[in-house]
$ cat input_28.txt   # compact mmCIF, C-alpha atoms and all ligand atoms
# COMPACT_ATOMS: atom_id res chain seq x y z
CA MET A 1 -30.57 -15.01 -104.46
CA ILE A 2 -28.40 -17.47 -106.34
CA VAL A 3 -26.68 -15.67 -109.19
CA ALA A 4 -25.82 -17.56 -112.35
CA ASP A 5 -24.43 -16.58 -115.73
CA LYS A 6 -25.19 -18.04 -119.15
CA LYS A 7 -22.84 -20.65 -120.49
CA PRO A 8 -21.46 -19.88 -123.96
CA ILE A 9 -23.68 -21.37 -126.67
CA GLU A 10 -20.58 -22.95 -128.25
CA GLU A 11 -20.03 -25.00 -125.09
CA ILE A 12 -23.67 -26.09 -125.00
CA ILE A 13 -23.59 -27.08 -128.68
CA GLU A 14 -20.76 -29.49 -127.85
CA THR A 15 -22.46 -30.98 -124.79
CA VAL A 16 -25.82 -31.62 -126.49
CA LYS A 17 -24.24 -33.24 -129.58
CA PRO A 18 -24.76 -36.88 -128.51
CA TYR A 19 -28.51 -36.46 -127.96
CA ASP A 20 -31.46 -36.11 -130.33
CA ARG A 21 -34.46 -35.34 -128.15
CA ILE A 22 -33.59 -32.62 -125.67
CA LEU A 23 -35.74 -30.81 -123.13
CA VAL A 24 -34.52 -27.27 -122.43
CA LEU A 25 -35.73 -26.71 -118.90
CA GLY A 26 -35.83 -23.30 -117.23
CA CYS A 27 -36.48 -22.27 -113.66
CA ASN A 28 -38.77 -19.45 -112.59
CA GLU A 29 -36.81 -18.32 -109.55
CA CYS A 30 -33.29 -16.88 -109.07
CA VAL A 31 -32.03 -17.65 -112.57
CA THR A 32 -35.01 -15.81 -114.04
CA VAL A 33 -34.17 -12.69 -112.04
CA CYS A 34 -30.52 -12.79 -113.11
CA GLU A 35 -31.62 -13.36 -116.73
CA ALA A 36 -29.68 -16.58 -117.16
CA GLY A 37 -32.17 -19.43 -117.00
CA GLY A 38 -35.79 -18.27 -117.08
CA LYS A 39 -38.46 -18.78 -119.74
CA LYS A 40 -36.99 -16.11 -122.02
CA GLU A 41 -33.52 -17.62 -121.89
CA VAL A 42 -34.98 -21.07 -122.57
CA GLU A 43 -36.70 -19.74 -125.71
CA VAL A 44 -33.60 -17.95 -126.96
CA LEU A 45 -31.23 -20.86 -126.31
CA ALA A 46 -33.56 -23.44 -127.85
CA SER A 47 -34.02 -21.25 -130.92
CA ALA A 48 -30.26 -20.75 -131.29
CA LEU A 49 -29.62 -24.49 -130.96
CA ARG A 50 -32.30 -25.33 -133.50
CA MET A 51 -30.78 -22.90 -135.98
CA HIS A 52 -27.32 -24.31 -135.43
CA PHE A 53 -28.30 -27.95 -135.82
CA ILE A 54 -30.67 -27.57 -138.76
CA GLN A 55 -27.71 -26.31 -140.77
CA GLN A 56 -25.89 -29.56 -139.97
CA GLY A 57 -28.83 -31.49 -141.43
CA SER A 58 -29.50 -32.79 -137.92
CA LYS A 59 -32.97 -33.82 -136.82
CA LYS A 60 -32.47 -32.83 -133.21
CA ASN A 61 -35.54 -31.77 -131.33
CA PHE A 62 -35.42 -29.09 -128.63
CA ASP A 63 -38.56 -28.76 -126.54
CA GLU A 64 -39.02 -25.93 -124.06
CA ARG A 65 -40.42 -25.93 -120.55
CA THR A 66 -39.96 -23.79 -117.47
CA LEU A 67 -40.78 -24.98 -113.96
CA GLU A 68 -41.61 -22.90 -110.93
CA ARG A 69 -38.48 -24.30 -109.24
CA GLN A 70 -36.08 -27.13 -109.97
CA CYS A 71 -34.98 -27.50 -106.36
CA ASP A 72 -38.31 -28.90 -105.11
CA HIS A 73 -39.80 -32.38 -105.54
CA GLU A 74 -43.23 -30.96 -106.13
CA TYR A 75 -42.34 -29.02 -109.28
CA LEU A 76 -39.95 -31.62 -110.67
CA GLU A 77 -42.78 -34.16 -110.49
CA GLU A 78 -44.70 -32.08 -113.04
CA ILE A 79 -42.51 -33.40 -115.85
CA ARG A 80 -42.44 -37.06 -114.83
CA ASP A 81 -44.97 -38.06 -117.50
CA ILE A 82 -43.00 -36.45 -120.34
CA MET A 83 -39.49 -37.51 -119.33
CA ASP A 84 -39.61 -40.65 -121.50
CA ASN A 85 -39.76 -38.36 -124.55
CA TYR A 86 -36.22 -37.11 -123.98
CA ASP A 87 -32.67 -38.40 -124.31
CA ALA A 88 -31.32 -35.56 -122.18
CA VAL A 89 -32.34 -32.48 -120.24
CA LEU A 90 -30.52 -29.20 -120.71
CA SER A 91 -31.29 -27.50 -117.41
CA LEU A 92 -30.93 -23.75 -117.02
CA ALA A 93 -31.42 -23.95 -113.26
CA CYS A 94 -28.58 -23.32 -110.81
CA GLY A 95 -26.33 -26.20 -109.80
CA VAL A 96 -28.82 -27.16 -107.11
CA GLY A 97 -31.66 -27.59 -109.59
CA VAL A 98 -29.50 -29.55 -112.04
CA GLN A 99 -28.42 -31.95 -109.30
CA PHE A 100 -31.91 -32.37 -107.92
CA MET A 101 -33.09 -33.22 -111.43
CA ALA A 102 -30.26 -35.74 -111.75
CA GLU A 103 -31.21 -37.39 -108.47
CA LYS A 104 -34.87 -37.56 -109.37
CA TYR A 105 -34.47 -38.71 -112.97
CA HIS A 106 -31.65 -41.12 -112.46
CA THR A 107 -31.46 -42.51 -115.97
CA THR A 108 -31.72 -39.22 -117.91
CA PRO A 109 -28.47 -37.40 -118.74
CA LEU A 110 -28.42 -33.83 -117.41
CA ILE A 111 -26.56 -30.92 -118.99
CA PRO A 112 -26.12 -27.62 -117.14
CA GLY A 113 -26.90 -24.57 -119.25
CA VAL A 114 -25.62 -21.94 -116.81
CA ASN A 115 -22.62 -21.34 -114.60
CA THR A 116 -23.76 -20.90 -111.01
CA CYS A 117 -21.71 -18.08 -109.54
CA PHE A 118 -22.63 -16.86 -106.05
CA LEU A 119 -25.23 -15.60 -103.57
CA GLY A 120 -25.74 -12.00 -104.47
CA ALA A 121 -27.91 -9.01 -105.16
CA THR A 122 -29.08 -7.13 -108.25
CA GLU A 123 -27.24 -3.80 -108.08
CA LYS A 124 -28.96 -2.69 -111.26
CA ARG A 125 -30.21 -4.40 -114.39
CA GLY A 126 -27.37 -6.51 -115.71
CA LEU A 127 -25.12 -6.16 -112.67
CA TRP A 128 -25.07 -8.70 -109.84
CA THR A 129 -22.60 -8.73 -106.98
CA GLU A 130 -21.70 -11.20 -104.25
CA ARG A 131 -22.97 -10.69 -100.72
CA CYS A 132 -22.88 -13.99 -98.83
CA GLN A 133 -20.95 -17.26 -98.84
CA ALA A 134 -23.40 -19.16 -96.63
CA CYS A 135 -20.88 -19.63 -93.82
CA GLY A 136 -23.59 -21.09 -91.61
CA SER A 137 -22.90 -18.76 -88.68
CA CYS A 138 -23.70 -15.17 -89.60
CA VAL A 139 -21.58 -12.38 -88.10
CA LEU A 140 -23.36 -9.41 -89.69
CA ALA A 141 -24.59 -8.21 -86.27
CA HIS A 142 -21.01 -7.32 -85.37
CA THR A 143 -19.83 -6.04 -88.72
CA ALA A 144 -22.33 -3.28 -89.38
CA GLY A 145 -24.31 -5.49 -91.74
CA ILE A 146 -21.39 -5.90 -94.16
CA CYS A 147 -20.05 -9.41 -94.65
CA PRO A 148 -16.29 -9.77 -94.21
CA ILE A 149 -16.42 -13.35 -95.45
CA SER A 150 -17.89 -12.78 -98.87
CA ARG A 151 -16.66 -9.23 -99.42
CA CYS A 152 -13.15 -9.27 -98.01
CA ALA A 153 -10.72 -11.08 -100.30
CA LYS A 154 -8.86 -12.51 -97.29
CA ARG A 155 -11.94 -13.11 -95.16
CA VAL A 156 -10.21 -11.35 -92.26
CA MET A 157 -12.34 -11.09 -89.13
CA ASN A 158 -10.46 -8.16 -87.62
CA GLY A 159 -9.69 -5.93 -90.55
CA PRO A 160 -8.60 -4.13 -92.49
CA CYS A 161 -5.40 -5.78 -93.56
CA GLY A 162 -2.36 -3.74 -94.52
CA GLY A 163 -3.41 -3.66 -98.15
CA SER A 164 -6.43 -1.42 -97.74
CA THR A 165 -5.77 1.85 -99.62
CA GLY A 166 -8.14 4.78 -100.08
CA GLY A 167 -11.11 2.56 -99.32
CA LYS A 168 -10.14 -0.01 -101.95
CA CYS A 169 -8.94 -3.58 -101.60
CA GLU A 170 -5.41 -4.44 -102.63
CA ILE A 171 -6.61 -7.12 -105.02
CA ASN A 172 -8.17 -4.57 -107.35
CA LYS A 173 -8.66 -0.82 -107.20
CA ASP A 174 -12.26 -1.23 -108.34
CA VAL A 175 -13.13 -3.44 -105.37
CA ASP A 176 -14.22 -1.77 -102.15
CA CYS A 177 -12.35 -2.82 -99.02
CA ALA A 178 -15.03 -4.58 -96.99
CA TRP A 179 -13.40 -3.48 -93.76
CA GLN A 180 -13.38 0.14 -94.86
CA LEU A 181 -17.12 -0.21 -95.54
CA ILE A 182 -17.59 -1.81 -92.11
CA ILE A 183 -15.70 0.98 -90.32
CA ASP A 184 -17.50 3.71 -92.27
CA ARG A 185 -20.89 2.26 -91.39
CA LEU A 186 -19.99 1.62 -87.74
CA ARG A 187 -18.98 5.26 -87.56
CA ASP A 188 -22.26 6.38 -89.12
CA LEU A 189 -24.14 4.16 -86.66
CA ASP A 190 -22.15 5.69 -83.83
CA ARG A 191 -20.96 2.25 -82.82
CA MET A 192 -17.21 2.55 -83.29
CA ASP A 193 -16.69 1.15 -79.78
CA GLU A 194 -17.70 -2.25 -81.25
CA TYR A 195 -14.76 -2.04 -83.62
CA GLU A 196 -12.48 -2.20 -80.59
CA ILE A 197 -13.74 -5.69 -79.71
CA VAL A 198 -11.41 -8.32 -81.11
CA THR A 199 -13.38 -11.07 -82.83
CA PRO A 200 -12.13 -14.54 -81.85
CA ILE A 201 -11.19 -17.13 -84.46
CA LYS A 202 -14.32 -18.06 -86.38
CA ASP A 203 -15.67 -21.58 -86.14
CA TRP A 204 -15.46 -22.65 -89.76
CA SER A 205 -17.03 -26.05 -89.17
CA THR A 206 -20.42 -24.65 -90.16
CA GLU A 207 -18.93 -23.50 -93.45
CA ARG A 208 -18.17 -25.68 -96.49
CA ALA A 209 -14.83 -26.63 -94.91
CA GLY A 210 -16.78 -28.96 -92.63
CA GLY A 211 -18.03 -30.98 -95.63
CA PRO A 212 -21.50 -30.99 -97.22
CA ARG A 213 -24.08 -29.45 -94.92
CA THR A 214 -27.63 -30.20 -93.93
CA VAL A 215 -30.30 -28.16 -92.22
CA ALA A 216 -32.64 -30.55 -90.43
CA ARG A 217 -35.67 -28.95 -88.83
CA GLU A 218 -37.61 -31.54 -86.91
CA ASP A 219 -40.00 -28.87 -85.70
CA VAL A 220 -41.42 -28.52 -89.21
CA GLN A 221 -40.96 -32.03 -90.55
CA VAL A 222 -44.07 -34.19 -90.82
CA MET B 223 -46.18 10.23 -150.47
CA ARG B 224 -45.53 7.66 -153.18
CA LEU B 225 -42.13 6.19 -152.51
CA LYS B 226 -40.30 3.37 -154.19
CA CYS B 227 -39.56 0.66 -151.70
CA PRO B 228 -38.69 -3.04 -151.97
CA THR B 229 -41.71 -5.32 -151.52
CA ASN B 230 -39.90 -8.42 -150.32
CA PHE B 231 -40.10 -7.67 -146.62
CA ARG B 232 -42.92 -7.77 -144.16
CA ILE B 233 -43.58 -4.87 -141.81
CA ILE B 234 -44.49 -5.83 -138.27
CA ARG B 235 -45.85 -2.80 -136.46
CA LEU B 236 -45.22 -2.30 -132.78
CA PRO B 237 -46.09 0.51 -130.40
CA CYS B 238 -42.37 0.98 -129.62
CA THR B 239 -39.16 -0.81 -130.56
CA GLY B 240 -38.78 -1.49 -126.82
CA LYS B 241 -41.42 -4.16 -127.39
CA VAL B 242 -39.10 -6.13 -129.70
CA ASP B 243 -37.53 -8.97 -127.80
CA VAL B 244 -34.58 -11.17 -128.75
CA ILE B 245 -36.83 -14.14 -129.36
CA HIS B 246 -39.04 -12.21 -131.83
CA MET B 247 -36.05 -11.59 -134.07
CA LEU B 248 -34.67 -15.11 -133.61
CA ARG B 249 -38.03 -16.66 -134.53
CA ALA B 250 -37.95 -14.80 -137.85
CA PHE B 251 -34.53 -16.29 -138.60
CA GLU B 252 -35.61 -19.70 -137.35
CA LYS B 253 -38.46 -19.59 -139.86
CA GLY B 254 -35.99 -18.82 -142.63
CA ALA B 255 -35.94 -15.01 -142.90
CA ASP B 256 -32.79 -13.77 -144.69
CA GLY B 257 -32.61 -10.58 -142.67
CA VAL B 258 -34.39 -8.51 -140.06
CA PHE B 259 -34.20 -4.79 -139.52
CA VAL B 260 -35.63 -2.92 -136.61
CA VAL B 261 -36.57 0.70 -137.24
CA GLY B 262 -36.91 2.85 -134.16
CA CYS B 263 -37.24 6.50 -133.32
CA MET B 264 -34.20 8.73 -133.07
CA GLU B 265 -32.06 8.05 -130.03
CA GLY B 266 -33.15 10.37 -127.26
CA ASP B 267 -36.61 10.78 -128.78
CA CYS B 268 -38.24 7.62 -127.43
CA HIS B 269 -41.72 8.31 -126.08
CA PHE B 270 -41.01 5.66 -123.44
CA LYS B 271 -37.53 7.10 -122.86
CA THR B 272 -35.37 4.00 -123.38
CA GLY B 273 -37.35 1.76 -125.74
CA ASN B 274 -35.04 2.23 -128.70
CA PHE B 275 -31.93 1.80 -126.54
CA ARG B 276 -33.30 -1.50 -125.27
CA ALA B 277 -34.05 -2.50 -128.86
CA ARG B 278 -30.48 -1.68 -129.93
CA LYS B 279 -29.07 -3.85 -127.14
CA ARG B 280 -31.35 -6.71 -128.17
CA VAL B 281 -30.39 -6.35 -131.83
CA GLU B 282 -26.76 -6.63 -130.70
CA GLN B 283 -27.59 -9.74 -128.68
CA VAL B 284 -29.30 -11.30 -131.69
CA ALA B 285 -26.30 -10.45 -133.90
CA ALA B 286 -23.98 -12.19 -131.42
CA ILE B 287 -26.20 -15.29 -131.32
CA LEU B 288 -26.47 -15.41 -135.12
CA ASP B 289 -22.68 -15.21 -135.38
CA THR B 290 -22.33 -18.08 -132.92
CA VAL B 291 -24.77 -20.38 -134.70
CA GLY B 292 -23.34 -19.69 -138.15
CA VAL B 293 -26.18 -17.57 -139.56
CA GLY B 294 -24.21 -14.30 -139.48
CA GLY B 295 -24.83 -11.33 -137.22
CA GLU B 296 -24.72 -8.92 -140.16
CA ARG B 297 -28.21 -10.12 -141.14
CA VAL B 298 -29.81 -8.10 -138.38
CA ARG B 299 -29.63 -4.30 -138.21
CA MET B 300 -31.12 -1.40 -136.35
CA TYR B 301 -31.99 1.92 -137.95
CA ASN B 302 -33.23 5.10 -136.33
CA LEU B 303 -35.37 7.79 -137.91
CA SER B 304 -38.13 10.15 -136.90
CA SER B 305 -41.77 9.41 -137.68
CA GLY B 306 -41.89 12.10 -140.38
CA GLU B 307 -39.09 10.60 -142.43
CA GLY B 308 -40.91 8.34 -144.88
CA PRO B 309 -38.30 8.81 -147.62
CA LEU B 310 -35.56 7.79 -145.20
CA PHE B 311 -37.53 4.67 -144.29
CA ALA B 312 -37.70 3.78 -147.98
CA GLN B 313 -33.98 4.47 -148.33
CA TYR B 314 -33.16 2.19 -145.37
CA ALA B 315 -35.37 -0.54 -146.80
CA ILE B 316 -33.54 -0.30 -150.16
CA GLU B 317 -30.20 -0.35 -148.33
CA MET B 318 -31.17 -3.41 -146.27
CA ASP B 319 -32.50 -5.19 -149.36
CA ALA B 320 -29.21 -4.63 -151.19
CA HIS B 321 -27.21 -5.66 -148.11
CA ILE B 322 -29.11 -8.93 -147.68
CA ARG B 323 -29.01 -9.70 -151.43
CA ALA B 324 -25.23 -9.33 -151.27
CA LEU B 325 -25.12 -11.79 -148.36
CA GLY B 326 -27.35 -14.29 -150.16
CA PRO B 327 -30.00 -16.54 -148.61
CA SER B 328 -29.84 -17.46 -144.94
CA PRO B 329 -28.33 -20.91 -144.35
CA VAL B 330 -31.28 -21.69 -142.06
CA GLY B 331 -33.78 -20.95 -144.81
CA THR B 332 -31.76 -23.09 -147.22
CA ALA B 333 -31.66 -25.95 -144.69
CA LEU B 334 -35.41 -25.67 -144.09
CA LYS B 335 -36.10 -25.90 -147.83
CA ALA B 336 -33.77 -28.91 -148.14
CA GLN B 337 -35.62 -30.60 -145.27
CA MET B 338 -38.98 -29.93 -146.88
CA THR B 339 -37.97 -31.33 -150.25
CA ALA B 340 -36.49 -34.42 -148.54
CA ALA B 341 -39.73 -35.01 -146.60
S1 LIG A 401 -21.36 -13.86 -92.27
FE1 LIG A 401 -21.74 -15.81 -93.26
S2 LIG A 401 -23.98 -16.02 -93.36
FE2 LIG A 401 -23.53 -13.87 -92.85
S3 LIG A 401 -23.54 -12.84 -94.85
FE3 LIG A 401 -21.41 -13.45 -94.46
S4 LIG A 401 -21.15 -15.47 -95.39
FE4 LIG A 401 -23.35 -15.04 -95.27
S1 LIG A 402 -7.96 -4.64 -98.46
FE1 LIG A 402 -9.83 -4.83 -97.22
S2 LIG A 402 -11.17 -6.21 -98.43
FE2 LIG A 402 -9.10 -6.39 -99.28
S3 LIG A 402 -8.23 -8.13 -98.24
FE3 LIG A 402 -7.62 -6.33 -97.04
S4 LIG A 402 -9.21 -6.08 -95.50
FE4 LIG A 402 -10.01 -7.51 -97.02

$ encode --input "input_28.txt" --output "structure tokens" --more "lines below"
Ligand code: SF4
Ligand code: SF4
Amino acid sequence: MIVADKKPIEEIIETVKPYDRILVLGCNECVTVCEAGGKKEVEVLASALRMHFIQQGSKKNFDERTLERQCDHEYLEEIRDIMDNYDAVLSLACGVGVQFMAEKYHTTPLIPGVNTCFLGATEKRGLWTERCQACGSCVLAHTAGICPISRCAKRVMNGPCGGSTGGKCEINKDVDCAWQLIIDRLRDLDRMDEYEIVTPIKDWSTERAGGPRTVAREDVQV
Amino acid sequence: MRLKCPTNFRIIRLPCTGKVDVIHMLRAFEKGADGVFVVGCMEGDCHFKTGNFRARKRVEQVAAILDTVGVGGERVRMYNLSSGEGPLFAQYAIEMDAHIRALGPSPVGTALKAQMTAA
């Protein structure tokens, strides 16, 4: 899923200052799971903002709403009839949702309420870690199901590099060396012979380096 | 047991402090409460194992938010006692009452009153 983190309330206080009628808009998907932008976070943030601004004698109004998703036309349409009531939307969706809102409601200022961080997994409550960088051409079949692009600091395709020590990456002793993990798992899978195969230079054109990407599936388009 | 206890607070009963969410405490402050205290079972004695630990974390979150928005995190506290300790409950209530009196009224409550008189 997409993992996001809350923005500091102080930062949000500054960004909402110019507006009086604000819709705090949550998203029911990834940001709910990572406890950054779901219904609960919408309630807490709106309450905190109300308490801050009432002390300034301000008459700001913070309404609360949470959509099933903010990255789909269908759900964003649900608020079309109330959008005229607001000067701005404070969206707690990931960067995708915020941008889709901005495209759809062209004349309404949009404020992001979270920092979108990475594609990752929930290790345990309150701990999310990166697993994929959406390179557009997955190599997990050859790397024992461990991604050298998102989990190796240098993104080396034939690792480990010389900095791997005791299973840890040279960037930080708390970070596992992805290539150590790959070798350990290949060994457990009894597939160490695959490690001998030198992986050719990866085609990075499917990755972000090739500019903004599109997936067009004519087979499902109507 | 007849115990002396301040009468200026409202008791909200819950099956477990694990039921208390951040927003419940914030709503009290938003409505002008001067302080909130959560009273849970002794740590390690939660019938649901971690309810009171969750509550403590949430009280800490509320304190951080109250600090950020200028209300003051010291207005929210968590106490732990066992269900048989009525006198201790009364003592904590007296302590909290004195603590909040020393802090004075919540700025949110004051702002709400000012808004109402202006309206
Ligand atoms: S190889 Fe590419 S697509 Fe596969 S997990 Fe890694 S970054 Fe994601
Ligand atoms: S130590 Fe391992 S994870 Fe770190 S950069 Fe080198 S190969 Fe990659």

$ axis_aligned_box --input "input_28.txt" --around "stretch 326-339 of chain B" --padding-each-side "8 Å" --output "lines of an AutoDock Vina configuration file"
center_x = -33.2
center_y = -22.8
center_z = -146.2
size_x = 27.6
size_y = 33.0
size_z = 24.2

$ closest_atom_pairs --input "input_28.txt" --of "chain A" --to "chain B" --cutoff "7 Å" --atoms "all atoms listed in the file" --output "tab-separated table"
residue	atom	partner	partner_atom	distance
A:Glu10	CA	B:Thr290	CA	7.0
A:Glu43	CA	B:Ile245	CA	6.7
A:Val44	CA	B:Ile245	CA	5.5
A:Ser47	CA	B:Leu248	CA	6.7
A:Ala48	CA	B:Val291	CA	6.5
A:Met51	CA	B:Glu252	CA	6.0
A:His52	CA	B:Val291	CA	4.7
A:Ile54	CA	B:Ala333	CA	6.2
A:Gln55	CA	B:Ala333	CA	5.6

$ atom_distance --input "input_28.txt" --atom1 "atom CA of A:Thr108" --atom2 "atom CA of A:Ile22"
10.4 Å

$ residues_near_ligand --input "input_28.txt" --ligand "ligand LIG 402 (chain A)" --cutoff "8 Å" --atoms "all atoms listed in the file" --output "PyMOL selection string"
chain A and resi 148+151-156+159-165+167-171+175-180

$ residues_near_point --input "input_28.txt" --point "(-28.8, -24.0, -105.9)" --cutoff "10 Å" --atoms "all atoms listed in the file" --output "MDAnalysis selection string"
chainID A and resid 1:4 30:31 70:71 93:100 116:119

$ atom_distance --input "input_28.txt" --atom1 "atom CA of B:Ala255" --atom2 "atom CA of B:Ser328"
6.9 Å

$ atom_distance --input "input_28.txt" --atom1 "atom CA of A:Asp5" --atom2 "atom CA of A:Thr129"
11.9 Å

$ residues_near_ligand --input "input_28.txt" --ligand "ligand LIG 401 (chain A)" --cutoff "6 Å" --atoms "all atoms listed in the file" --output "ChimeraX atom specification"
/A:132-140,147,149-150

$ residues_around --input "input_28.txt" --residues "stretch 278-280 of chain B" --least-positions-apart "5" --cutoff "12 Å" --atoms "all atoms listed in the file" --output "ChimeraX atom specification"
/A:44,126 /B:239-248,259-265,272-273,285-287,298-302

$ residues_around --input "input_28.txt" --residues "A:Asn158" --least-positions-apart "4" --cutoff "10 Å" --atoms "only C-alpha atoms" --output "NGL selection string"
:A and (143 or 148 or 179 or 195-201)

$ closest_residue --input "input_28.txt" --among "B:Asp267, B:Arg232, B:Arg297, B:Lys226" --to "B:Arg323" --atoms "all atoms listed in the file"
B:Arg297

$ closest_residue --input "input_28.txt" --among "A:Glu64, A:Gln56, A:Val89, A:Trp128" --to "A:Pro112" --atoms "only C-alpha atoms"
A:Val89

$ closest_residue --input "input_28.txt" --among "A:Gly145, A:Gly57, A:Gly166, A:Pro18" --to "A:Ile111" --atoms "only C-alpha atoms"
A:Pro18

$ decode --input "input_28.txt" --residues "stretch 271-286 of chain B" --atoms "N, CA and C atoms" --output "CSV table (one decimal), in the first residue's frame"
chain,number,residue,atom,x,y,z
B,271,LYS,N,-5.9,-7.1,28.5
B,271,LYS,CA,-4.4,-7.1,28.4
B,271,LYS,C,-3.7,-5.8,28.2
B,272,THR,N,-4.1,-5.0,27.1
B,272,THR,CA,-3.4,-3.8,26.8
B,272,THR,C,-4.2,-2.6,26.7
B,273,GLY,N,-5.5,-2.7,27.2
B,273,GLY,CA,-6.4,-1.5,27.1
B,273,GLY,C,-5.8,-0.3,27.8
B,274,ASN,N,-5.2,-0.4,29.0
B,274,ASN,CA,-4.7,0.7,29.7
B,274,ASN,C,-3.4,1.3,29.1
B,275,PHE,N,-2.7,0.4,28.4
B,275,PHE,CA,-1.5,0.9,27.7
B,275,PHE,C,-1.8,1.7,26.5
B,276,ARG,N,-2.9,1.2,25.8
B,276,ARG,CA,-3.4,2.0,24.7
B,276,ARG,C,-3.9,3.3,25.1
B,277,ALA,N,-4.6,3.3,26.2
B,277,ALA,CA,-5.1,4.6,26.8
B,277,ALA,C,-4.0,5.5,27.1
B,278,ARG,N,-2.9,5.0,27.7
B,278,ARG,CA,-1.8,5.9,28.1
B,278,ARG,C,-1.2,6.5,26.8
B,279,LYS,N,-1.0,5.7,25.8
B,279,LYS,CA,-0.5,6.3,24.5
B,279,LYS,C,-1.4,7.4,24.0
B,280,ARG,N,-2.7,7.1,24.1
B,280,ARG,CA,-3.6,8.1,23.5
B,280,ARG,C,-3.6,9.4,24.3
B,281,VAL,N,-3.5,9.2,25.7
B,281,VAL,CA,-3.4,10.4,26.5
B,281,VAL,C,-2.2,11.2,26.1
B,282,GLU,N,-1.1,10.5,25.9
B,282,GLU,CA,0.1,11.2,25.4
B,282,GLU,C,-0.1,11.9,24.1
B,283,GLN,N,-0.8,11.3,23.2
B,283,GLN,CA,-1.1,11.9,21.9
B,283,GLN,C,-1.9,13.2,22.1
B,284,VAL,N,-2.9,13.1,23.0
B,284,VAL,CA,-3.8,14.2,23.2
B,284,VAL,C,-2.9,15.4,23.8
B,285,ALA,N,-2.0,15.0,24.8
B,285,ALA,CA,-1.2,16.0,25.4
B,285,ALA,C,-0.4,16.8,24.4
B,286,ALA,N,0.2,16.0,23.4
B,286,ALA,CA,1.0,16.6,22.4
B,286,ALA,C,0.2,17.5,21.5
